[in-house]
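One structure is given here, and the rest of the page talks about it.
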Amino acid sequence: MRQNMIYRLTLLVLLCLALACNQGGGQTSGTDDQTQPASDTASKTKSTEGLSAERKNMYIEVTLTTDVAKLTENQRKMIPLLVDVAKIMDRLFWAQSYGDKQQLLESIEDPDVRRFAEINYGPWDRLMENEPFLPGVGPKPDGAMFYPADVTKEEVEQADEAVRGQYTMVRRKEDGSLYAIPYREFFKQDIEMAAAKLDEAAALAEDAGLKQYLTLRAEALRTDDYLASDMAWMDMKTNAIDFVVGPIENYEDKLFNYKSAHEAYILVKDMEWSKRLEKYAALLPELQAGIPVEAAYKKEKPGTDSDLNAYDVVYYAGDCNAGSKTIAINLPNDERVQLEKGTRRLQLKNAMRAKFDKILVPLADVLIDEGQRNHITFDAFFANTMFHEVAHGLGIKNTIDGKGTVREALKEKSSPIEEGKADILGLYMIGELLKKGELEGDIKDYYVTFVAGIFRSMRFGGASAHGQANMLRFHFFMEQGAIMRDAQTNTYKVDFEKMPAAVAALSQKILKLQGDGDYEGVTQWFKEKGHISDDLKNDLARVATAGIPRDIVFKQGTEVLGLNPQP
């Protein structure tokens, strides 16, 4: 109790000091001083502490490019406008995740540390449990900067409904009570600028579906109502350029998973690969019916307007660019859109290839049994990632006993459980499609590559929804005997006979927890199994010692693409 009080008082003091440092007016948005996001680093003293060897090797740079010669003149003119919008999303995410970016970066003298802060969007290491890497910085607030740093869950639950809204920043009144400020007001200047740029891009769009989407997305930014633009995004089928933009994912709000954070991806469709993937989305209703769980937990019918495409990603910004990088997308998150139209699954092929070559293969050479390393293939990695995204559309979106959506019922645990569901149902789907002759390959390739992927994702740490999901799955597979550790070689191998039953059992466990909205059950599971054992910790340390990066960072932008930015 005493530690709790000291912790809260410390956070309050830091917040007050940070707010005092911000009283000159912020540069990240058009809001006034009263509503500027607060930095968690109060001191103006220059940080001279260097970066550890492990952190220096944590990321490897990858260049994001594509063949722009295949694009039309208007498409080439459009990309710099989209980059401008993406940079605005980046600024907004800094405000949501940390606060005053410039104040933080100017306080850091060491260029390696400064770059590491840029990668992490703040002074907390996202791939090491959000551990502070700057002196004098306390723990990262669970609510990031969406809420006051000293806020409690009880306060949020008892406040006005708008405080729990998906598109609001929360601040305190003079009397200490909470109030909500819509994104369109809190970030007014930047939002208006981004919307105007989207309108310019829409005027250049030659594809009718893309033009409609960009126009509606600009309006969505101005109104905080994204339903119409999400529907329009689902209707796009023939566009070569795609742009995922806005407040989308809820991972950054670890208090409740209520708040959506700003991000952007600029994508160029690979028409040939996309053609090969078309058939899988059409199989969703059949696959839903075959999920190994009681009928009540699969009664919803996935939308049949889903599609599946491959892309070169040429720009990341905001939430998706923080720490571990996304290599596949499944959107929209709005359950209304999912039930009516399904979702779109976007495979980011060039980023995926980079992670396979530079991380997964070297990692497998350290941790996977030598006799099974020949089963690590890019085709299996691509399929495992792709069907993870497809599997987000399976299962259930609403609890079976009227507790509302699964996301509402499971609160901050909803994201890691959903990621776990998508991983395991994706692997289940691969097995079923192989049996039906709809997919080629050896199931052993998919299983071993999947297990190597567990180790890759666990290195993202417990602060990541994907990292948490993989910890649970690793322990479950070990208990079921589907994965075995050789104590002499310190490597892991798959038991191919036990794996199918383990996949079915884990699928059933997760789907039931989701359908029941069992927050207590999920919390207990995370408490018991959401950690790394000593053996595993030592094994993952060997991967770090081998100099294998945990993730990638990007060299990106109009210059990399050979496109002149708009004046």
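Simple scheme: letters A, B, ... for chains in structure tokens order, numbers from 1 for residues in each chain, numbers from 1 for ligands in the order shown.
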Counting only C-alpha atoms, which residues of stretch 190-256 of chain A sit at most 12 Å from some atom of stretch 71-84 of chain A, and what is each one's closest atom pair with its distance in Å to one decimal, listed by chain and rising residue number, as a tab-separated table?
```
residue	atom	partner	partner_atom	distance
A:Asp190	CA	A:Asp84	CA	11.0
A:Met193	CA	A:Asp84	CA	9.4
A:Ala194	CA	A:Asp84	CA	7.7
A:Ala195	CA	A:Leu82	CA	10.7
A:Ala196	CA	A:Leu81	CA	9.9
A:Lys197	CA	A:Leu81	CA	6.1
A:Leu198	CA	A:Leu82	CA	7.2
A:Asp199	CA	A:Leu81	CA	9.7
A:Glu200	CA	A:Leu81	CA	7.5
A:Ala201	CA	A:Met78	CA	5.4
A:Ala202	CA	A:Met78	CA	8.4
A:Ala203	CA	A:Met78	CA	9.1
A:Leu204	CA	A:Asn74	CA	5.7
A:Ala205	CA	A:Asn74	CA	7.0
A:Glu206	CA	A:Asn74	CA	7.6
A:Asp207	CA	A:Gln75	CA	9.9
A:Leu210	CA	A:Gln75	CA	11.1
A:Lys211	CA	A:Met78	CA	11.3
A:Leu214	CA	A:Leu82	CA	10.2
A:Ala218	CA	A:Leu82	CA	11.8
A:Asn239	CA	A:Gln75	CA	10.3
A:Ala240	CA	A:Leu71	CA	7.9
A:Ile241	CA	A:Gln75	CA	7.3
A:Asp242	CA	A:Leu82	CA	9.8
A:Phe243	CA	A:Leu82	CA	7.5
A:Val244	CA	A:Leu82	CA	10.0
A:Val245	CA	A:Leu82	CA	9.3
```
task: Mind checking which residues fall within 12 Å of A:Tyr280, counting only C-alpha atoms, ignoring those fewer than 3 positions away in the same chain, and posting them as a ChimeraX atom specification?
output: /A:274-277,283-287,304-309,344-345,383,386-387,389-391,426,429-430,432-433,438-439
message: Excluding stretch 408-410 of chain A and its own-chain neighbours fewer than 2 positions away, which residues fall within 8 Å of it when counting only C-alpha atoms? Please give them as a ChimeraX atom specification.
response: /A:399,403-406,412-414,514,517-519,522
- prompt: When distances are computed from only C-alpha atoms, which of A:Leu227, A:Tyr251, A:Asp379, A:Leu394 shows the smallest separation from A:Gly290?
  reply: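 When distances to A:Gly290 are compared using only C-alpha atoms, the smallest one comes from A:Leu394.
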task: Enumerate, as JSON, numbers by chain, the complete set of residues in stretch 173-306 of chain A that a backbone-based DSSP assignment places in strand (DSSP E).
output: {"A": [178, 179, 180, 181, 182, 241, 242, 243, 244, 245, 246, 247, 248, 249, 261, 262, 263, 264, 265, 266, 267, 268, 269]}
List the spatial neighbours of A:Gln338 as a short mmCIF file (atom, residue, chain, number, x, y, z; two decimals) with N, CA and C atoms, in the first residue's frame - criterion: any atom at most 9 Å away, only C-alpha atoms, same-chain residues fewer than 2 positions off excluded.
```
data_model
loop_
_atom_site.label_atom_id
_atom_site.label_comp_id
_atom_site.auth_asym_id
_atom_site.auth_seq_id
_atom_site.Cartn_x
_atom_site.Cartn_y
_atom_site.Cartn_z
N PRO A 302 -18.68 -14.97 -40.81
CA PRO A 302 -17.77 -13.93 -41.27
C PRO A 302 -18.25 -13.32 -42.58
N GLY A 303 -17.99 -12.03 -42.78
CA GLY A 303 -18.38 -11.37 -44.01
C GLY A 303 -17.71 -12.01 -45.21
N SER A 306 -14.55 -10.11 -47.92
CA SER A 306 -13.14 -9.98 -47.54
C SER A 306 -12.25 -10.21 -48.76
N LEU A 331 -7.77 -5.40 -41.22
CA LEU A 331 -8.62 -4.28 -40.85
C LEU A 331 -9.89 -4.29 -41.70
N PRO A 332 -10.91 -3.52 -41.28
CA PRO A 332 -11.01 -2.64 -40.12
C PRO A 332 -11.25 -3.42 -38.83
N ASN A 333 -11.04 -2.73 -37.69
CA ASN A 333 -11.29 -3.34 -36.39
C ASN A 333 -12.75 -3.22 -35.96
N ASP A 334 -13.50 -2.35 -36.60
CA ASP A 334 -14.90 -2.12 -36.24
C ASP A 334 -15.72 -3.39 -36.47
N GLU A 335 -16.29 -3.92 -35.37
CA GLU A 335 -17.04 -5.17 -35.48
C GLU A 335 -18.23 -5.06 -36.43
N ARG A 336 -18.80 -3.86 -36.57
CA ARG A 336 -19.93 -3.68 -37.48
C ARG A 336 -19.50 -3.92 -38.93
N GLU A 340 -20.58 -7.24 -41.43
CA GLU A 340 -21.28 -6.96 -42.68
C GLU A 340 -20.44 -7.27 -43.92
N LYS A 341 -19.16 -6.90 -43.87
CA LYS A 341 -18.32 -7.03 -45.06
C LYS A 341 -17.09 -7.90 -44.88
N GLY A 342 -16.75 -8.20 -43.64
CA GLY A 342 -15.52 -8.94 -43.38
C GLY A 342 -14.37 -7.98 -43.14
N THR A 343 -13.18 -8.39 -43.52
CA THR A 343 -12.00 -7.54 -43.37
C THR A 343 -11.12 -7.69 -44.60
N GLY A 393 -10.71 -12.94 -38.77
CA GLY A 393 -12.11 -12.91 -39.16
C GLY A 393 -12.91 -14.10 -38.68
N LYS A 397 -17.05 -12.28 -32.35
CA LYS A 397 -16.77 -10.87 -32.04
C LYS A 397 -17.59 -10.38 -30.85
#
```
message: Would you compute the distance between atom CA of A:Ala546 and atom CA of A:Phe477? Give it in Å to one decimal.
response: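 Atom CA of A:Phe477 lies 25.8 Å from atom CA of A:Ala546.
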task: Step one, run DSSP on the backbone; step two, keep only residues of stretch 127-202 of chain A assigned to alpha helix (DSSP H); then write them as a ChimeraX atom specification.
output: /A:153-158,183-186,188-202
Using N, CA and C atoms, can you export the residues from the last selection as a PDB file, in the first residue's frame?
```pdb
ATOM      1  N   LYS A 153      -7.829   3.093 -12.808  1.00  0.00           N
ATOM      2  CA  LYS A 153      -8.877   2.419 -13.574  1.00  0.00           C
ATOM      3  C   LYS A 153     -10.254   2.778 -13.029  1.00  0.00           C
ATOM      4  N   GLU A 154     -10.343   2.877 -11.710  1.00  0.00           N
ATOM      5  CA  GLU A 154     -11.627   3.181 -11.079  1.00  0.00           C
ATOM      6  C   GLU A 154     -12.145   4.551 -11.534  1.00  0.00           C
ATOM      7  N   GLU A 155     -11.242   5.521 -11.617  1.00  0.00           N
ATOM      8  CA  GLU A 155     -11.643   6.859 -12.073  1.00  0.00           C
ATOM      9  C   GLU A 155     -12.218   6.805 -13.484  1.00  0.00           C
ATOM     10  N   VAL A 156     -11.547   6.081 -14.368  1.00  0.00           N
ATOM     11  CA  VAL A 156     -11.994   6.003 -15.762  1.00  0.00           C
ATOM     12  C   VAL A 156     -13.341   5.314 -15.853  1.00  0.00           C
ATOM     13  N   GLU A 157     -13.514   4.242 -15.090  1.00  0.00           N
ATOM     14  CA  GLU A 157     -14.778   3.502 -15.126  1.00  0.00           C
ATOM     15  C   GLU A 157     -15.942   4.320 -14.583  1.00  0.00           C
ATOM     16  N   GLN A 158     -15.664   5.230 -13.643  1.00  0.00           N
ATOM     17  CA  GLN A 158     -16.727   6.017 -13.020  1.00  0.00           C
ATOM     18  C   GLN A 158     -16.978   7.357 -13.716  1.00  0.00           C
ATOM     19  N   TYR A 183     -10.353  13.872 -30.548  1.00  0.00           N
ATOM     20  CA  TYR A 183      -9.128  14.041 -31.316  1.00  0.00           C
ATOM     21  C   TYR A 183      -9.234  15.238 -32.265  1.00  0.00           C
ATOM     22  N   ARG A 184     -10.399  15.408 -32.901  1.00  0.00           N
ATOM     23  CA  ARG A 184     -10.554  16.479 -33.891  1.00  0.00           C
ATOM     24  C   ARG A 184     -10.350  17.858 -33.275  1.00  0.00           C
ATOM     25  N   GLU A 185     -10.529  17.964 -31.961  1.00  0.00           N
ATOM     26  CA  GLU A 185     -10.306  19.234 -31.267  1.00  0.00           C
ATOM     27  C   GLU A 185      -8.914  19.292 -30.647  1.00  0.00           C
ATOM     28  N   PHE A 186      -8.509  18.219 -30.021  1.00  0.00           N
ATOM     29  CA  PHE A 186      -7.209  18.191 -29.342  1.00  0.00           C
ATOM     30  C   PHE A 186      -6.074  18.412 -30.344  1.00  0.00           C
ATOM     31  N   LYS A 188      -6.487  19.733 -33.493  1.00  0.00           N
ATOM     32  CA  LYS A 188      -7.236  20.441 -34.535  1.00  0.00           C
ATOM     33  C   LYS A 188      -6.379  20.894 -35.717  1.00  0.00           C
ATOM     34  N   GLN A 189      -5.295  21.576 -35.452  1.00  0.00           N
ATOM     35  CA  GLN A 189      -4.477  22.129 -36.531  1.00  0.00           C
ATOM     36  C   GLN A 189      -3.915  21.018 -37.414  1.00  0.00           C
ATOM     37  N   ASP A 190      -3.349  19.982 -36.791  1.00  0.00           N
ATOM     38  CA  ASP A 190      -2.775  18.885 -37.561  1.00  0.00           C
ATOM     39  C   ASP A 190      -3.851  18.081 -38.303  1.00  0.00           C
ATOM     40  N   ILE A 191      -4.977  17.878 -37.672  1.00  0.00           N
ATOM     41  CA  ILE A 191      -6.068  17.141 -38.313  1.00  0.00           C
ATOM     42  C   ILE A 191      -6.547  17.873 -39.564  1.00  0.00           C
ATOM     43  N   GLU A 192      -6.712  19.171 -39.469  1.00  0.00           N
ATOM     44  CA  GLU A 192      -7.159  19.945 -40.632  1.00  0.00           C
ATOM     45  C   GLU A 192      -6.133  19.889 -41.759  1.00  0.00           C
ATOM     46  N   MET A 193      -4.859  19.927 -41.399  1.00  0.00           N
ATOM     47  CA  MET A 193      -3.802  19.860 -42.397  1.00  0.00           C
ATOM     48  C   MET A 193      -3.793  18.490 -43.088  1.00  0.00           C
ATOM     49  N   ALA A 194      -3.922  17.417 -42.293  1.00  0.00           N
ATOM     50  CA  ALA A 194      -3.934  16.069 -42.855  1.00  0.00           C
ATOM     51  C   ALA A 194      -5.140  15.863 -43.769  1.00  0.00           C
ATOM     52  N   ALA A 195      -6.301  16.332 -43.348  1.00  0.00           N
ATOM     53  CA  ALA A 195      -7.511  16.178 -44.152  1.00  0.00           C
ATOM     54  C   ALA A 195      -7.380  16.921 -45.480  1.00  0.00           C
ATOM     55  N   ALA A 196      -6.793  18.113 -45.454  1.00  0.00           N
ATOM     56  CA  ALA A 196      -6.609  18.875 -46.689  1.00  0.00           C
ATOM     57  C   ALA A 196      -5.676  18.142 -47.651  1.00  0.00           C
ATOM     58  N   LYS A 197      -4.621  17.524 -47.116  1.00  0.00           N
ATOM     59  CA  LYS A 197      -3.701  16.749 -47.957  1.00  0.00           C
ATOM     60  C   LYS A 197      -4.403  15.531 -48.559  1.00  0.00           C
ATOM     61  N   LEU A 198      -5.274  14.890 -47.782  1.00  0.00           N
ATOM     62  CA  LEU A 198      -6.031  13.753 -48.310  1.00  0.00           C
ATOM     63  C   LEU A 198      -6.957  14.198 -49.442  1.00  0.00           C
ATOM     64  N   ASP A 199      -7.560  15.352 -49.288  1.00  0.00           N
ATOM     65  CA  ASP A 199      -8.399  15.883 -50.367  1.00  0.00           C
ATOM     66  C   ASP A 199      -7.574  16.113 -51.634  1.00  0.00           C
ATOM     67  N   GLU A 200      -6.357  16.619 -51.481  1.00  0.00           N
ATOM     68  CA  GLU A 200      -5.479  16.811 -52.638  1.00  0.00           C
ATOM     69  C   GLU A 200      -5.151  15.475 -53.302  1.00  0.00           C
ATOM     70  N   ALA A 201      -4.858  14.476 -52.475  1.00  0.00           N
ATOM     71  CA  ALA A 201      -4.538  13.153 -53.017  1.00  0.00           C
ATOM     72  C   ALA A 201      -5.743  12.552 -53.731  1.00  0.00           C
ATOM     73  N   ALA A 202      -6.934  12.761 -53.164  1.00  0.00           N
ATOM     74  CA  ALA A 202      -8.156  12.234 -53.786  1.00  0.00           C
ATOM     75  C   ALA A 202      -8.360  12.837 -55.174  1.00  0.00           C
TER      76      ALA A 202
END
```
